[in-house]
Amino acid sequence: MTSAFIDTNALVYADQAHSAFHQPARAALGRLEQEGAELWISRQVLREYLATVTRPGPGGVPAMTRAAAAAAVEGFVGAYRIAEDGPHTTARLLDLVRTVPMGGKQVHDANIVATMLTHGITRLLTFNAADFQRFAGLIALVAP
């Protein structure tokens, strides 16, 4: 069985009907589901989702209520496999920090890659392909 990891932006876009990227995100998830891919997220993605949707968005999009955001996360936990972030992921992250040029906020992306690799996931659905180009030899990007 194939697997794919869902980046925070793809999860937000797929969930938020007002997003300009809602339909492409839903279509990409639909394609992955149709091919029988096991879909994964991590607790980092859940935290990032909450941080994103509970603040006002661009163009005056109102923030999601905390209760609605929490309910959405509960739904994601039931719908997707959770790639836990533990000691093996931390070791993998440190390897990436030592070998791949990065710094600052890019470490968050590196942690997603470390989590993926720890769980044997090699494909990532993201709308921020440029952020993950530095990991091209390790993971493949799924086009939205």
# chains A, B, ... in the order shown; residues from 1 in each chain; ligands from 1
call {"tool": "residues_around", "arguments": {"residues": "Pro87 in chain A", "least_positions_apart": "5", "cutoff": "10 Å", "atoms": "only C-alpha atoms", "output": "PyMOL selection string"}}
result
chain A and resi 92-93+118
call {"tool": "residues_around", "arguments": {"residues": "Gln133 in chain A", "least_positions_apart": "6", "cutoff": "12 Å", "atoms": "only C-alpha atoms", "output": "VMD selection string"}}
result
chain A and resid 100 to 102 106 109 to 110 113 124 126 139 to 141
call {"tool": "write_last_selection", "arguments": {"atoms": "C-alpha atoms", "output": "PDB file, in the first residue's frame"}}
result
ATOM      1  CA  VAL A 100      20.682  19.871   4.679  1.00  0.00           C
ATOM      2  CA  PRO A 101      21.172  23.651   4.512  1.00  0.00           C
ATOM      3  CA  MET A 102      18.370  25.220   6.593  1.00  0.00           C
ATOM      4  CA  GLN A 106      12.647  25.751   7.901  1.00  0.00           C
ATOM      5  CA  ASP A 109       9.490  21.598   7.513  1.00  0.00           C
ATOM      6  CA  ALA A 110      12.515  19.444   8.325  1.00  0.00           C
ATOM      7  CA  VAL A 113      10.291  15.270   6.660  1.00  0.00           C
ATOM      8  CA  LEU A 124       4.089  14.756   0.664  1.00  0.00           C
ATOM      9  CA  THR A 126       1.817  20.337  -0.016  1.00  0.00           C
ATOM     10  CA  ILE A 139      10.802  12.634  -0.428  1.00  0.00           C
ATOM     11  CA  ALA A 140       8.566  13.131  -3.469  1.00  0.00           C
ATOM     12  CA  LEU A 141       6.027  15.925  -3.687  1.00  0.00           C
TER      13      LEU A 141
END
call {"tool": "atom_distance", "arguments": {"atom1": "CA of Tyr13 in chain A", "atom2": "CA of Ala83 in chain A"}}
result
20.5 Å
call {"tool": "select_by_dssp", "arguments": {"residues": "range 2-57 of chain A", "states": "strand (DSSP E or B)", "output": "mmCIF file with C-alpha atoms, in the first residue's frame"}}
result
data_model
loop_
_atom_site.group_PDB
_atom_site.id
_atom_site.type_symbol
_atom_site.label_atom_id
_atom_site.label_comp_id
_atom_site.auth_asym_id
_atom_site.auth_seq_id
_atom_site.Cartn_x
_atom_site.Cartn_y
_atom_site.Cartn_z
ATOM 1 C CA SER A 3 1.154 6.309 1.678
ATOM 2 C CA ALA A 4 1.209 10.097 1.624
ATOM 3 C CA PHE A 5 1.662 12.759 4.263
ATOM 4 C CA ILE A 6 -0.650 15.796 4.260
ATOM 5 C CA GLU A 38 -2.802 5.587 3.371
ATOM 6 C CA LEU A 39 -3.088 9.258 4.407
ATOM 7 C CA TRP A 40 -0.976 10.513 7.292
ATOM 8 C CA ILE A 41 -0.692 13.654 9.409
ATOM 9 C CA SER A 42 1.259 14.383 12.582
#
call {"tool": "select_by_dssp", "arguments": {"residues": "range 13-94 of chain A", "states": "alpha helix (DSSP H)", "output": "PyMOL selection string"}}
result
chain A and resi 13-15+22-34+43-53+66-79+87-94
call {"tool": "residues_around", "arguments": {"residues": "Asn128 in chain A", "least_positions_apart": "2", "cutoff": "10 Å", "atoms": "only C-alpha atoms", "output": "MDAnalysis selection string"}}
result
chainID A and resid 7:10 125:126 130:133 141 144
call {"tool": "residues_around", "arguments": {"residues": "His108 in chain A", "least_positions_apart": "5", "cutoff": "10 Å", "atoms": "only C-alpha atoms", "output": "PyMOL selection string"}}
result
chain A and resi 44-45+48+93+103+113-114
call {"tool": "closest_residue", "arguments": {"among": "A:Ala51, A:Ala72, A:Gly36, A:Phe127", "to": "His22 in chain A", "atoms": "only C-alpha atoms"}}
result
A:Phe127
call {"tool": "atom_distance", "arguments": {"atom1": "CA of His119 in chain A", "atom2": "CA of Ala14 in chain A"}}
result
23.5 Å
call {"tool": "atom_distance", "arguments": {"atom1": "CA of Leu138 in chain A", "atom2": "CA of Leu117 in chain A"}}
result
8.0 Å
call {"tool": "closest_residue", "arguments": {"among": "A:Ala143, A:Ile121, A:Ala63, A:Ala70", "to": "His18 in chain A", "atoms": "only C-alpha atoms"}}
result
A:Ala63
